[in-house]
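For reference, protein18.txt (compact mmCIF, C-alpha atoms):
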# COMPACT_ATOMS: atom_id res chain seq x y z
CA MET A 54 -11.04 23.79 53.79
CA THR A 55 -8.92 22.29 51.03
CA ARG A 56 -9.07 23.93 47.63
CA TYR A 57 -9.94 21.80 44.60
CA VAL A 58 -6.99 21.70 42.20
CA ARG A 59 -7.80 21.27 38.51
CA ARG A 60 -5.53 18.72 36.92
CA ARG A 61 -4.80 17.40 33.48
CA TYR A 62 -3.80 13.86 32.55
CA LEU A 63 -1.58 13.35 29.51
CA ALA A 64 -1.26 10.05 27.66
CA LEU A 65 2.30 9.83 26.35
CA LYS A 66 4.14 7.62 23.93
CA VAL A 67 7.86 7.25 24.60
CA GLU A 68 10.23 6.45 21.75
CA CYS A 69 13.80 5.63 22.68
CA ALA A 70 16.81 3.86 21.21
CA ASP A 71 17.28 2.17 24.62
CA SER A 72 14.70 -0.57 25.14
CA SER A 73 15.28 -0.89 28.91
CA LEU A 74 13.35 2.21 29.94
CA ASP A 75 11.80 2.39 33.37
CA TYR A 76 9.46 4.63 35.35
CA LYS A 77 12.27 6.61 36.98
CA MET A 78 14.11 7.34 33.74
CA VAL A 79 10.97 8.69 32.06
CA PHE A 80 9.92 10.79 35.04
CA ASP A 81 13.46 12.17 35.44
CA ALA A 82 13.52 13.17 31.78
CA VAL A 83 10.19 15.04 32.04
CA TRP A 84 11.14 16.62 35.36
CA SER A 85 14.53 17.84 34.16
CA ALA A 86 13.03 19.21 30.92
CA VAL A 87 10.53 21.31 32.90
CA LEU A 88 13.28 22.42 35.28
CA ARG A 89 15.65 23.32 32.43
CA LEU A 90 13.09 25.35 30.49
CA PHE A 91 11.03 26.99 33.22
CA GLY A 92 13.26 26.90 36.29
CA GLU A 93 12.50 25.89 39.85
CA VAL A 94 9.48 28.21 40.15
CA GLY A 95 7.93 26.80 36.97
CA ALA A 96 8.61 23.22 38.04
CA SER A 97 7.04 23.86 41.44
CA GLN A 98 3.85 25.13 39.75
CA ALA A 99 3.63 22.18 37.36
CA GLY A 100 2.55 19.61 39.96
CA LEU A 101 4.11 16.78 37.99
CA TYR A 102 3.39 13.16 38.78
CA LEU A 103 3.93 10.14 36.56
CA VAL A 104 0.81 8.07 37.19
CA ARG A 105 2.03 5.01 35.33
CA PHE A 106 4.52 3.77 32.78
CA ASP A 107 4.01 0.62 30.77
CA LYS A 108 7.39 -0.89 29.85
CA ASP A 109 5.95 -3.19 27.21
CA THR A 110 4.12 -0.58 25.16
CA ASN A 111 6.23 2.43 26.24
CA HIS A 112 3.03 4.32 27.02
CA ALA A 113 2.82 6.57 30.07
CA VAL A 114 0.27 8.71 31.88
CA LEU A 115 1.45 11.97 33.38
CA ARG A 116 -0.49 14.26 35.69
CA CYS A 117 0.07 18.01 35.88
CA SER A 118 -1.71 21.12 37.00
CA HIS A 119 -4.33 22.54 34.61
CA LYS A 120 -2.58 25.93 34.50
CA ALA A 121 0.83 24.43 33.76
CA LEU A 122 -0.39 22.32 30.81
CA PRO A 123 1.10 24.49 28.00
CA MET A 124 4.40 24.59 29.90
CA VAL A 125 4.46 20.83 30.44
CA LYS A 126 3.57 20.12 26.80
CA ALA A 127 6.42 22.36 25.64
CA ALA A 128 8.83 20.68 28.03
CA ILE A 129 7.76 17.20 26.89
CA ALA A 130 8.22 18.13 23.22
CA SER A 131 11.71 19.44 24.00
CA ILE A 132 12.97 16.10 25.33
CA THR A 133 15.60 14.63 23.03
CA LYS A 134 17.34 12.25 25.43
CA ILE A 135 16.35 9.83 28.15
CA GLY A 136 19.40 8.78 30.14
CA ASN A 137 22.06 9.12 27.49
CA GLN A 138 20.02 7.67 24.66
CA PRO A 139 18.26 9.68 21.94
CA ALA A 140 14.52 9.74 22.59
CA ALA A 141 11.25 11.50 21.84
CA ILE A 142 8.03 11.73 23.79
CA HIS A 143 4.76 12.38 21.97
CA VAL A 144 1.57 13.58 23.64
CA LEU A 145 -1.27 11.31 22.49
CA ARG A 146 -4.21 12.66 24.50
CA VAL A 147 -4.98 15.19 27.20
CA SER A 148 -7.91 14.84 29.55
CA GLY A 149 -9.35 16.16 32.80
CA SER A 150 -9.69 12.76 34.44
CA LEU A 151 -8.04 9.38 34.24
CA LYS A 152 -11.36 7.76 33.39
CA ALA A 153 -11.95 10.05 30.43
CA LEU A 154 -8.36 9.58 29.28
CA GLY A 155 -8.95 5.83 29.20
CA LYS A 156 -12.16 6.28 27.20
CA LYS A 157 -10.49 8.67 24.73
CA SER A 158 -7.58 6.26 24.24
CA ILE A 159 -10.02 3.49 23.33
CA MET B 233 -6.19 20.64 8.94
CA LYS B 234 -3.48 19.66 6.46
CA PHE B 235 -0.04 19.78 8.08
CA SER B 236 3.14 20.24 6.13
CA ASP B 237 6.79 19.83 7.06
CA LEU B 238 8.84 21.51 4.36
CA HIS B 239 12.27 20.54 5.70
CA LEU B 240 12.66 16.84 6.31
CA CYS B 241 16.34 16.04 5.82
CA VAL B 242 16.17 12.37 4.86
CA PRO B 243 19.44 10.54 4.11
CA LEU B 244 18.90 9.94 0.39
CA ARG B 245 21.59 7.24 0.23
CA ASP B 246 20.01 5.15 2.98
CA LEU B 247 16.61 4.00 1.75
CA GLU B 248 15.71 2.14 4.96
CA GLN B 249 16.31 5.17 7.16
CA THR B 250 14.52 7.37 4.62
CA LYS B 251 11.48 5.07 4.69
CA LYS B 252 11.55 5.08 8.50
CA MET B 253 11.50 8.88 8.63
CA ILE B 254 8.76 9.14 6.03
CA ALA B 255 6.65 6.55 7.90
CA GLU B 256 7.18 8.47 11.14
CA SER B 257 6.11 11.73 9.48
CA SER B 258 2.96 10.09 8.21
CA GLU B 259 2.22 8.59 11.64
CA LEU B 260 2.69 11.96 13.33
CA GLY B 261 -0.03 13.50 11.20
CA TYR B 262 1.71 15.28 8.33
CA SER B 263 0.24 15.08 4.86
CA GLN B 264 2.98 16.91 2.96
CA ILE B 265 6.75 16.75 3.34
CA GLY B 266 9.45 18.80 1.69
CA VAL B 267 12.76 17.05 1.09
CA PRO B 268 15.89 19.02 0.20
CA PHE B 269 17.65 17.54 -2.81
CA PRO B 270 21.18 18.27 -4.03
CA ILE B 271 21.25 20.27 -7.28
CA ASN B 272 22.48 17.33 -9.35
CA THR B 273 19.83 14.84 -8.14
CA LYS B 274 18.58 12.54 -10.87
CA GLN B 275 14.89 12.38 -11.65
CA ASP B 276 14.91 8.62 -10.81
CA VAL B 277 15.77 9.38 -7.18
CA ILE B 278 12.96 11.94 -6.93
CA ASP B 279 10.51 9.53 -8.56
CA LEU B 280 11.51 6.72 -6.15
CA LEU B 281 11.04 8.99 -3.15
CA ARG B 282 7.70 10.19 -4.51
CA GLN B 283 6.63 6.56 -4.78
CA VAL B 284 7.72 5.84 -1.18
CA CYS B 285 5.83 8.93 0.03
CA GLY B 286 2.78 7.80 -1.94
CA GLU B 287 2.85 4.45 -0.09
CA PHE B 288 2.48 6.36 3.19
CA GLY B 289 -0.13 8.77 1.83
CA LEU B 290 2.25 11.75 1.79
CA ASP B 291 2.66 14.43 -0.82
CA LEU B 292 6.36 14.97 -1.68
CA VAL B 293 7.57 18.51 -2.27
CA THR B 294 10.97 18.93 -3.92
CA ARG B 295 13.07 21.55 -2.22
CA LEU B 296 16.37 23.23 -2.98
CA ASP B 297 18.50 24.70 -0.20
CA LEU B 298 20.79 27.42 -1.49
CA ALA B 299 23.69 28.64 0.64
CA PRO B 300 25.37 31.10 -1.75
CA LYS B 301 28.52 33.00 -0.87
CA SER B 302 27.89 35.93 -3.18
CA LEU B 303 25.06 37.78 -4.89
CA GLY B 304 26.19 36.54 -8.28
CA GLU B 305 26.10 32.94 -7.09
CA LEU B 306 22.59 33.38 -5.70
CA LEU B 307 21.22 34.93 -8.88
CA SER B 308 22.91 32.38 -11.11
CA SER B 309 21.59 29.45 -9.00
CA LEU B 310 18.09 30.88 -9.02
CA ARG B 311 18.23 31.35 -12.80
CA GLN B 312 19.43 27.78 -13.37
CA PHE B 313 17.50 25.74 -10.83
CA ARG B 314 14.34 27.59 -9.77
CA ARG B 315 12.11 25.79 -12.24
CA ARG B 316 13.39 22.32 -11.27
CA PHE B 317 12.27 22.54 -7.62
CA GLU B 318 8.94 23.33 -6.03
CA VAL B 319 10.36 25.22 -3.06
CA VAL B 320 13.58 27.22 -2.86
CA SER B 321 15.13 28.22 0.44
CA VAL B 322 18.06 30.59 0.83
CA LEU B 323 20.40 30.56 3.79
CA CYS B 324 21.12 34.23 4.38
CA SER B 325 24.67 34.55 5.64
CA SER B 326 25.36 38.19 4.76
CA LYS B 327 23.34 41.38 4.53
CA PRO B 328 23.47 41.85 0.71
CA LEU B 329 22.45 38.21 0.25
CA ALA B 330 19.60 38.53 2.73
CA ARG B 331 18.30 41.68 1.06
CA GLN B 332 18.46 40.16 -2.42
CA ALA B 333 16.79 36.95 -1.26
CA ALA B 334 14.03 38.91 0.48
CA LYS B 335 13.14 40.96 -2.58
CA ASP B 336 13.50 38.19 -5.17
CA ARG B 337 10.15 36.63 -6.03
CA ARG B 338 11.86 33.34 -6.91
CA VAL B 339 12.83 32.77 -3.27
CA ASP B 340 10.22 31.09 -1.08
CA LEU B 341 11.90 30.66 2.28
CA LEU B 342 14.45 32.78 4.12
CA SER B 343 16.62 30.89 6.61
CA PHE B 344 18.86 32.40 9.26
CA ARG B 345 21.07 29.96 11.13
CA SER B 346 23.63 32.02 13.00
CA LEU B 347 23.26 32.15 16.77
CA GLU B 348 24.86 35.56 17.05
CA PRO B 349 22.12 38.20 17.26
CA ARG B 350 24.11 40.56 15.02
CA LYS B 351 24.30 37.97 12.27
CA ARG B 352 20.56 37.24 12.35
CA LEU B 353 19.69 39.60 9.54
CA PHE B 354 15.90 39.51 9.71
CA ASP B 355 15.34 43.12 10.70
CA TRP B 356 12.63 45.65 9.75
CA ALA B 357 14.12 46.41 6.31
CA GLU B 358 14.39 42.70 5.53
CA ALA B 359 10.83 42.07 6.69
CA GLU B 360 9.48 44.92 4.57
CA LEU B 361 11.17 43.53 1.46
CA ALA B 362 10.00 39.99 2.26
CA SER B 363 6.41 41.11 2.77
CA LYS B 364 6.36 42.64 -0.72
CA SER B 365 7.82 39.60 -2.43
CA SER B 366 5.81 37.08 -0.36
CA ALA B 367 8.90 35.22 0.87
CA ALA B 368 8.38 33.43 4.19
CA LEU B 369 10.59 33.23 7.25
CA GLU B 370 11.55 29.65 8.04
CA VAL B 371 12.03 28.41 11.60
CA ASP B 372 13.81 25.06 11.89
CA MET B 373 12.71 23.29 15.06
CA ALA B 374 15.64 20.84 15.00
CA GLU B 375 17.83 23.70 16.23
CA VAL B 376 15.43 24.46 19.06
CA LEU B 377 15.51 20.81 20.09
CA SER B 378 19.18 20.06 19.72
CA LEU B 379 20.79 23.16 21.21
CA GLU B 380 21.45 23.44 24.92
CA GLY B 381 22.39 26.05 27.46
CA PHE B 382 23.48 29.52 26.40
CA SER B 383 23.18 28.86 22.66
CA ARG B 384 19.54 27.86 23.09
CA VAL B 385 18.85 30.95 25.21
CA SER B 386 20.38 33.06 22.45
CA LEU B 387 18.30 31.27 19.80
CA PHE B 388 15.06 31.87 21.74
CA SER B 389 15.88 35.54 22.05
CA CYS B 390 16.61 35.85 18.29
CA LEU B 391 13.46 33.93 17.34
CA ARG B 392 11.30 36.04 19.65
CA ARG B 393 12.58 39.23 18.00
CA GLU B 394 12.31 37.87 14.45
CA LEU B 395 8.78 36.55 14.93
CA ASN B 396 7.64 39.90 16.32
CA THR B 397 9.12 41.66 13.30
CA ALA B 398 7.50 39.14 10.93
CA LYS B 399 4.12 39.66 12.60
CA LYS B 400 4.44 43.42 12.40
CA PHE B 401 5.16 43.38 8.65
CA GLY B 402 2.83 40.51 7.79
CA VAL B 403 5.61 38.16 6.71
CA PRO B 404 4.36 34.56 6.74
CA VAL B 405 6.26 32.18 9.01
CA VAL B 406 6.88 28.55 8.14
CA ILE B 407 7.78 26.13 10.90
CA SER B 408 9.59 23.04 9.70
CA SER B 409 11.26 20.18 11.49
CA GLY B 410 14.73 20.26 9.90
CA ALA B 411 14.99 16.74 11.30
CA THR B 412 17.85 14.49 10.27
CA ASP B 413 16.64 11.64 12.43
CA ALA B 414 13.23 10.12 13.17
CA LEU B 415 13.66 10.85 16.89
CA LEU B 416 13.89 14.57 16.16
CA LEU B 417 10.42 14.57 14.63
CA ARG B 418 7.45 15.83 16.64
CA LYS B 419 3.71 16.12 16.04
CA PRO B 420 2.53 19.45 14.59
CA GLN B 421 0.68 20.12 17.87
CA ASP B 422 3.89 19.45 19.82
CA TYR B 423 5.76 21.96 17.68
CA ALA B 424 2.95 24.43 18.33
CA SER B 425 3.42 23.81 22.08
CA LEU B 426 7.16 24.40 21.72
CA THR B 427 6.58 27.83 20.18
CA LEU B 428 5.45 28.94 23.63
CA LEU B 429 9.16 29.17 24.39
CA PHE B 430 9.54 32.09 21.99
CA GLU B 431 6.13 33.59 22.64
CA MET B 432 4.35 32.68 19.45
CA ASP B 433 0.55 32.30 19.63
CA ALA B 434 -0.67 28.72 19.28
CA SER B 435 -3.02 29.75 16.44
CA HIS B 436 -0.17 31.44 14.53
CA ALA B 437 2.02 28.42 15.15
CA LEU B 438 -0.58 26.07 13.70
CA GLU B 439 -0.89 28.35 10.66
CA ALA B 440 2.89 28.24 10.29
CA LEU B 441 2.65 24.44 10.20
CA SER B 442 -0.32 24.17 7.86
CA LYS B 443 -1.74 27.13 5.94
CA ASN B 444 1.54 28.96 5.25
CA PRO B 445 3.68 26.07 3.94
CA VAL B 446 0.77 24.58 2.01
CA GLY B 447 0.17 28.03 0.48
CA VAL B 448 3.82 28.31 -0.62
CA VAL B 449 3.68 24.92 -2.32
CA GLU B 450 0.33 25.58 -4.02
CA ARG B 451 1.51 28.93 -5.32
CA ASN B 452 4.66 27.40 -6.81
CA ARG B 453 2.84 24.44 -8.29
CA MET B 454 0.45 26.84 -9.96
CA LYS B 455 3.40 28.84 -11.31
CA GLN B 456 4.97 25.67 -12.69
CA SER B 457 1.74 24.47 -14.29
CA PRO B 458 1.60 24.76 -18.09
CA GLY B 459 -1.28 27.28 -18.19
CA TYR B 460 0.40 29.85 -15.94
CA VAL B 461 1.24 33.21 -17.51
CA ALA B 462 1.68 35.74 -14.69
CA PRO B 463 0.27 36.30 -11.19
CA GLY B 464 -3.52 36.27 -11.62
CA ILE B 465 -3.36 35.26 -15.30
CA ARG B 466 -3.81 31.67 -16.46
CA ILE B 467 -4.68 30.12 -19.79
CA LEU B 468 -8.00 28.37 -19.22
CA ARG B 469 -8.54 27.22 -22.79
CA GLU B 470 -7.09 28.06 -26.16
CA LYS B 471 -9.13 29.19 -29.11
CA GLU B 472 -9.90 26.27 -31.35
CA SER B 473 -8.39 26.56 -34.80
CA ARG B 474 -10.91 25.91 -37.57

Would you write out, as structure tokens, the structure that this file holds?
Amino acid sequence: MTRYVRRRYLALKVECADSSLDYKMVFDAVWSAVLRLFGEVGASQAGLYLVRFDKDTNHAVLRCSHKALPMVKAAIASITKIGNQPAAIHVLRVSGSLKALGKKSI
Amino acid sequence: MKFSDLHLCVPLRDLEQTKKMIAESSELGYSQIGVPFPINTKQDVIDLLRQVCGEFGLDLVTRLDLAPKSLGELLSSLRQFRRRFEVVSVLCSSKPLARQAAKDRRVDLLSFRSLEPRKRLFDWAEAELASKSSAALEVDMAEVLSLEGFSRVSLFSCLRRELNTAKKFGVPVVISSGATDALLLRKPQDYASLTLLFEMDASHALEALSKNPVGVVERNRMKQSPGYVAPGIRILREKESR
């Protein structure tokens, strides 16, 4: 029997001096921030997955484990660079499902 | 909740960049910002900045950062400039300075910047003095964001110890951005999340971003108001002369 894993979806706004951001750059930045602050054990518990990244609006949706939410939020706030460019990522909304996140964003 | 950032280091000579940072602060949810001004700043500059802040719905707080080298310099600066600024912060670089700043009622914020644990002077004695004079401990989040590697580890360790001491002695903590660039600014809730790294409760962190700094500003504004006499004593109305 598979165990139900509670997840959280975070709507993010990415601000960066470099306008040519892509999915990989954003996900790498989040991933390395979690790894740097909480180590390999912490990163393995976070269950990170970048659901989508919109290049035009620089908005992203990130999925993480419910228990790791405070850790992931701290890691996201600590990001100051994406690639080699100064950047900041702000958490806009947090929700338990993608559907609710969409509704909240509206 | 009214959020306040008492240390927004805007480049006063670059109006465009200043406007950008103020707009960003407003967008991130702050309603009050404290800008450090040099001692010799003209009133025109402060008025212009107040006007810009007003356009974005922000309340400007004038702040003076003192980094004295001696006790005499600290006391003389406080005597001369205290009344011209709404918030005064002292960078404590030596023990005598830290002790004097902590017990002086004219000092609002105590800052400790050194990364060496021995030079972080916020110990029990300092906290006891600060709790009696109602000075607050300031934590600049720009340092937390910009440092890397061993220096950041050392900073976390110092902050953890200092915040425990502050909690024990009831010293209020003020979290400010210390940002010199718009990309170093974060939402108040994001700063509260970051305090997890030095084991501060989220509720205390939110107080340190709202109630505590707002309280410091209100107290000083009341002191600078014309009717103020002493703590707890204000002139409400004067007897009419017949």

request  = Taking all atoms listed in the file into account, report as a PyMOL selection string which residues of chain B lie within 12 Å of chain A.
outcome  = chain B and resi 256+259-261+373-382+384-385+388+411+413-431+433-434

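The gap separating atom CA of Val449 of chain B from atom CA of Gln264 of chain B is 9.6 Å, in Å to one decimal.
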
request  = Select, from A:His112, A:Lys66, A:Phe80, A:Arg60, the residue with the minimum atom-to-atom distance to Gly100 of chain A, counting all atoms listed in the file.
outcome  =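 The closest residue to Gly100 of chain A is A:Arg60.
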
Given all atoms listed in the file as the counted atoms, nearest of A:Val94, A:Val147, A:Ala99, A:Val58 to Val114 of chain A =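 So, comparing all the options, the nearest one is A:Val147.
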
task = In the coordinates of the file, take the point (7.3, 8.0, 8.3) and a cut-off of 10 Å; then, counting only C-alpha atoms, name each qualifying protein, DNA or RNA residue as JSON, numbers by chain.
result = {"B": [249, 250, 251, 252, 253, 254, 255, 256, 257, 258, 259, 260, 261, 262, 284, 285, 288, 289, 290, 414, 417]}
